[in-house]
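Structure, as structure tokens:
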Amino acid sequence: MTTGLKERAYSRYDAAADRTGAPDLEYVLGLFTDYQGYYQGFQKQCEDDEQYYFNRHKVPVPEVGMDATYPATAQSIINIATDHVDVNNITIDVPSSLRARERAERLKKFYQGFWASVKDPVLRTVVRHAFLYGIGFVKVMFATDLWPKAPTIDQFDSEEEYKHALADFMDRRAIAFPFILRNVSPKNLLWDDSVVSREWCIEFYQRDARDIQKRYPHWIRSTSGGGLTSWIEYWDTRWCGYIADRQWVWGPYEHGYGFVPYKPLLPANSLNWDVGNPTERYQGLLTLIRSLLSAEARLVTTYEAILKQVGWRTVDFHGSKQAVDAVINDYQLFGSKNWVPAGVEVKASPYIQPPQELLQLLNIVQTMIEEATFPNVIRGVRPRGVSSGFGVSVLAGMGRIRFQGVADGTARMIEEVNRAVAMLVENKIRDRVTVYGRSRVHSFDQSIGPDDIKGMYENHVTMKAEAPEEREREALLGKTLHQAGIISLYEAQRRAGIVNPFEEQILMGAESLMSQPALQAKMASLAAEGVGLLDQLAQAVDASGEGIGGDNAGQFVAGQAQLPRPGEAAIQRRRLESVFPGAFRHRTARSPHRDSERRWHGTTIRR
């Protein structure tokens, strides 16, 4: 059935592919209807996975006095898997020839600064979607409202006002980030599923009619009042438009991007990734273990129900009905004294021993869940029989291989997003854009324009599913291999996670040069001359008559620490004179050499 719907949708698309005008409403709505049937099974599968992720699935329980117990296993599986894909450590490289290496470095820095400027958890969310649904999408758009428009001279009364407005415009553009990255759930998306290329995408959901009316006043709803109404966004390689309640409210217009803005994350965790039924190609971690998750919740609920009967044990009354009725309603179980009339006997209810088979079966189910997802050692649980930390780390590293498919898919998606951003700069913005790489690793700003791109969209991204301690071990291994002469310093730094080893080596060389004692002494001397410190010292010598520091005068060497403050000797002398009169009378006589030349460390000083 789905194959027929797909073929009919393809025929509809092929029949409209040769036209040069904008897509009409009938074509878009027909495409939407056909592919809703094609993706219906996959969307139902996504809904079922969400029920288990949010613990909304049904667990059979006794009708009286029992509540279902929901272990957080499903959500824990998805969240732990998401944590082990390191989206904060992206290695980007732009291949180039020797002549174009400088341009490649600018593009590489621009991509790094772009991802450092994205503050929303877009990558983390799309990774979670990939683990839950088996596929994820990121929407890349040009933020027109965030990109300042250039002023024209006709808008101002004088040329001076136009110059001020132009300068303000350039300042605002230098700090503007005119890109939007947004997550789109696969439940709310229909996309071209052809093998050749992805030519169109349709995003749909329910939206508040009042919000649509405020943003698009010309829109007239078929039914009066508020409430939710259908909303469709159509995008292809050339056209885009918005449809509300089966009516165009915006567009269709030529967007000028040169690409479809929806970029997929494909983990490729099935037999095929480009052909076949979507329900078989896109499967998350919970899809095949939903029955095991239900069994786990059912067993836990059953075991808890039995324990509740033991913990809240009831009593049985034996005797005639008349005698029992007289005491049963007033009988208190906890912390009370009860009067039991003659002919009535109170006994505890029969005790039910929880069967050990429940725990054994629960252990089997949890082991099967572990085998179908990833080992518990990744969660931080020490496995049986392993005592050393190295053994646990090795097992954890082997277990994280399960996540490498999503890590590779994320890297390919980031490459497509980088390509899309470069195309936006070249095709849509057509001006220089500046990004700022302010993070724990990077601190730079980089500007690129259409002349830096010129159709060069190729880039390579590397990501790993690893823990911080594994990266530390890889860095130590690179250091050891470099010291042994097996690999170069460049390769060792790259293994340590340094994105630009050449730039790092330049900084290391500069720091080594700055640490030389001779250079430090020279810099201190130049700094002293720059602030006029030598002149102040010379004036202090003249004021004191003997120099600063008494017998140590003339011992100043530029660059030495703890220099006396100018004039301090004269100040101290006056203080002691007030306490001990006549202490310095033998120095009050004018020195015969007072007006002669004084030499201070090779500097001639004249009064």
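Just remember, in the structure tokens the first chain shown is A, the second B, etc., residues are 1-based per chain, and ligands are 1-based in the order shown.
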
Near-A:Ala268 list (9 Å; only C-alpha atoms; drop same-chain fewer than 3 positions) as a CSV table (one decimal) with all heavy atoms, in the first residue's frame:
chain,number,residue,atom,x,y,z
A,134,GLY,N,15.2,7.2,15.3
A,134,GLY,CA,16.0,6.6,14.2
A,134,GLY,C,16.4,7.6,13.2
A,134,GLY,O,17.1,7.2,12.2
A,135,ILE,N,16.0,8.9,13.3
A,135,ILE,CA,16.3,9.9,12.3
A,135,ILE,C,16.1,11.3,13.0
A,135,ILE,O,15.2,11.4,13.9
A,135,ILE,CB,15.6,9.8,11.0
A,135,ILE,CG1,16.1,10.8,10.0
A,135,ILE,CG2,14.1,10.0,11.2
A,135,ILE,CD1,15.5,10.6,8.6
A,271,LEU,N,19.1,-2.3,7.9
A,271,LEU,CA,19.8,-2.9,6.7
A,271,LEU,C,20.0,-1.9,5.6
A,271,LEU,O,21.0,-1.9,4.9
A,271,LEU,CB,18.9,-4.1,6.2
A,271,LEU,CG,18.9,-5.3,7.1
A,271,LEU,CD1,18.0,-6.4,6.5
A,271,LEU,CD2,20.3,-5.9,7.3
A,272,ASN,N,19.0,-1.0,5.3
A,272,ASN,CA,19.1,0.0,4.3
A,272,ASN,C,18.8,1.3,4.9
A,272,ASN,O,18.0,1.5,5.8
A,272,ASN,CB,18.1,-0.4,3.2
A,272,ASN,CG,18.4,-1.7,2.5
A,272,ASN,OD1,19.5,-1.9,2.0
A,272,ASN,ND2,17.4,-2.6,2.5
A,273,TRP,N,19.4,2.3,4.3
A,273,TRP,CA,19.2,3.7,4.7
A,273,TRP,C,18.5,4.6,3.6
A,273,TRP,O,18.1,5.7,3.9
A,273,TRP,CB,20.5,4.4,5.1
A,273,TRP,CG,21.5,4.5,4.0
A,273,TRP,CD1,22.4,3.6,3.6
A,273,TRP,CD2,21.6,5.7,3.2
A,273,TRP,NE1,23.1,4.1,2.6
A,273,TRP,CE2,22.7,5.4,2.3
A,273,TRP,CE3,21.0,6.9,3.1
A,273,TRP,CZ2,23.1,6.3,1.3
A,273,TRP,CZ3,21.4,7.8,2.1
A,273,TRP,CH2,22.4,7.5,1.2
A,281,ARG,N,13.5,1.3,8.1
A,281,ARG,CA,14.8,2.0,7.9
A,281,ARG,C,15.1,2.9,9.1
A,281,ARG,O,16.3,3.1,9.4
A,281,ARG,CB,14.7,2.8,6.6
A,281,ARG,CG,14.7,2.0,5.4
A,281,ARG,CD,14.1,2.8,4.2
A,281,ARG,NE,14.7,4.1,4.0
A,281,ARG,CZ,14.2,5.0,3.3
A,281,ARG,NH1,13.0,4.9,2.7
A,281,ARG,NH2,14.8,6.2,3.1
A,282,TYR,N,14.1,3.5,9.7
A,282,TYR,CA,14.3,4.4,10.8
A,282,TYR,C,13.7,3.8,12.1
A,282,TYR,O,12.5,3.8,12.3
A,282,TYR,CB,13.6,5.8,10.5
A,282,TYR,CG,13.9,6.3,9.1
A,282,TYR,CD1,12.9,6.6,8.2
A,282,TYR,CD2,15.2,6.5,8.7
A,282,TYR,CE1,13.1,7.1,7.0
A,282,TYR,CE2,15.5,7.0,7.4
A,282,TYR,CZ,14.4,7.3,6.6
A,282,TYR,OH,14.7,7.8,5.3
A,405,GLY,N,27.5,5.0,15.3
A,405,GLY,CA,26.7,5.3,14.1
A,405,GLY,C,26.0,6.6,14.2
A,405,GLY,O,26.0,7.4,13.2
A,406,VAL,N,25.5,7.0,15.4
A,406,VAL,CA,24.8,8.3,15.5
A,406,VAL,C,25.9,9.4,15.5
A,406,VAL,O,25.6,10.5,14.9
A,406,VAL,CB,24.0,8.3,16.8
A,406,VAL,CG1,23.5,9.7,17.1
A,406,VAL,CG2,22.9,7.3,16.8
A,409,GLY,N,26.7,9.9,11.9
A,409,GLY,CA,25.5,10.6,11.3
A,409,GLY,C,25.5,12.1,11.6
A,409,GLY,O,25.2,13.0,10.8

key: Which of stretch 135-212 of chain A DSSP labels strand (DSSP E or B), written as a PyMOL selection string   = chain A and resi 136-142+179-184+189-191+200-208

Write the residues of the selection above to a file with C-alpha atoms, as a short mmCIF file (atom, residue, chain, number, x, y, z; two decimals), in the first residue's frame.
data_model
loop_
_atom_site.label_atom_id
_atom_site.label_comp_id
_atom_site.auth_asym_id
_atom_site.auth_seq_id
_atom_site.Cartn_x
_atom_site.Cartn_y
_atom_site.Cartn_z
CA GLY A 136 16.60 13.62 13.20
CA PHE A 137 16.38 16.93 11.33
CA VAL A 138 17.87 20.41 11.71
CA LYS A 139 16.41 23.37 9.84
CA VAL A 140 18.90 26.01 8.60
CA MET A 141 17.49 29.43 7.73
CA PHE A 142 18.62 32.99 7.04
CA PHE A 179 21.40 32.38 10.99
CA ILE A 180 18.70 30.28 12.64
CA LEU A 181 19.05 26.61 13.53
CA ARG A 182 15.91 24.85 14.68
CA ASN A 183 15.05 21.25 15.49
CA VAL A 184 12.15 19.64 13.64
CA LEU A 189 7.85 16.35 8.66
CA LEU A 190 7.28 14.79 5.25
CA TRP A 191 10.30 14.66 2.97
CA TRP A 200 11.30 19.06 -1.16
CA CYS A 201 10.12 18.92 2.45
CA ILE A 202 6.78 19.70 4.09
CA GLU A 203 6.59 20.65 7.77
CA PHE A 204 3.15 20.46 9.37
CA TYR A 205 1.57 20.87 12.79
CA GLN A 206 -1.38 22.49 14.55
CA ARG A 207 -1.11 26.21 15.24
CA ASP A 208 -3.23 28.76 17.08
#

task = Can you pull out every residue within 10 Å of stretch 498-512 of chain A, counting only C-alpha atoms, but drop anything in the same chain fewer than 2 positions away, and send it as a PyMOL selection string?
result = chain A and resi 89-93+105+108-109+112+441-442+475+489-496+514-516

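Nearest to A:Pro267 of all the residues A:Ser336, A:Gln404, A:Thr367, A:Gln43 is A:Gln404, counting only C-alpha atoms.
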
Give me the stretch 82-141 of chain A side of the contact with stretch 286-298 of chain A, cut-off 9 Å, one line per residue showing its nearest atom pair and distance in Å at one decimal, counting only C-alpha atoms, sorted by chain and residue number, as JSON lines.
{"residue": "A:Phe131", "atom": "CA", "partner": "A:Leu286", "partner_atom": "CA", "distance": 8.3}
{"residue": "A:Leu132", "atom": "CA", "partner": "A:Leu286", "partner_atom": "CA", "distance": 6.6}
{"residue": "A:Tyr133", "atom": "CA", "partner": "A:Thr287", "partner_atom": "CA", "distance": 8.1}
{"residue": "A:Gly134", "atom": "CA", "partner": "A:Thr287", "partner_atom": "CA", "distance": 8.9}

ask   = Could you state the separation of atom CA of A:Asn418 and atom CA of A:Leu285 in Å, given to one decimal place?
value =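 Going from atom CA of A:Asn418 over to atom CA of A:Leu285, I get 28.1 Å.
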
ask   = Smallest atom-to-atom distance to A:Lys464: which of A:Arg384, A:Arg430, A:Arg128, A:Arg402, using only C-alpha atoms?
value = A:Arg402

message = Could you go through stretch 159-258 of chain A and tell me which residues DSSP, when run on the backbone, assigns to helix (DSSP H, G or I), listing them as number ranges by chain?
response = A: 159-175, 186-188, 209-215

ask   = Using only C-alpha atoms, which of the listed residues (A:Gln45, A:Trp312, A:Pro95, A:Ser349) sits closest to A:His460?
value =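 Closest candidate: A:Pro95.
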
task = Tell me which protein, DNA and RNA residues are within 12 Å of A:Ala72, counting only C-alpha atoms, leaving out same-chain ones fewer than 4 positions away, and put them as a ChimeraX atom specification.
result = /A:52-56,76-80,293-294,296-297,300

Using only C-alpha atoms: which of A:Leu395, A:Leu307, A:Ala176, A:Ser270 has the shortest distance to A:Thr144 =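 Among the listed residues, the smallest separation from A:Thr144 belongs to A:Ala176.
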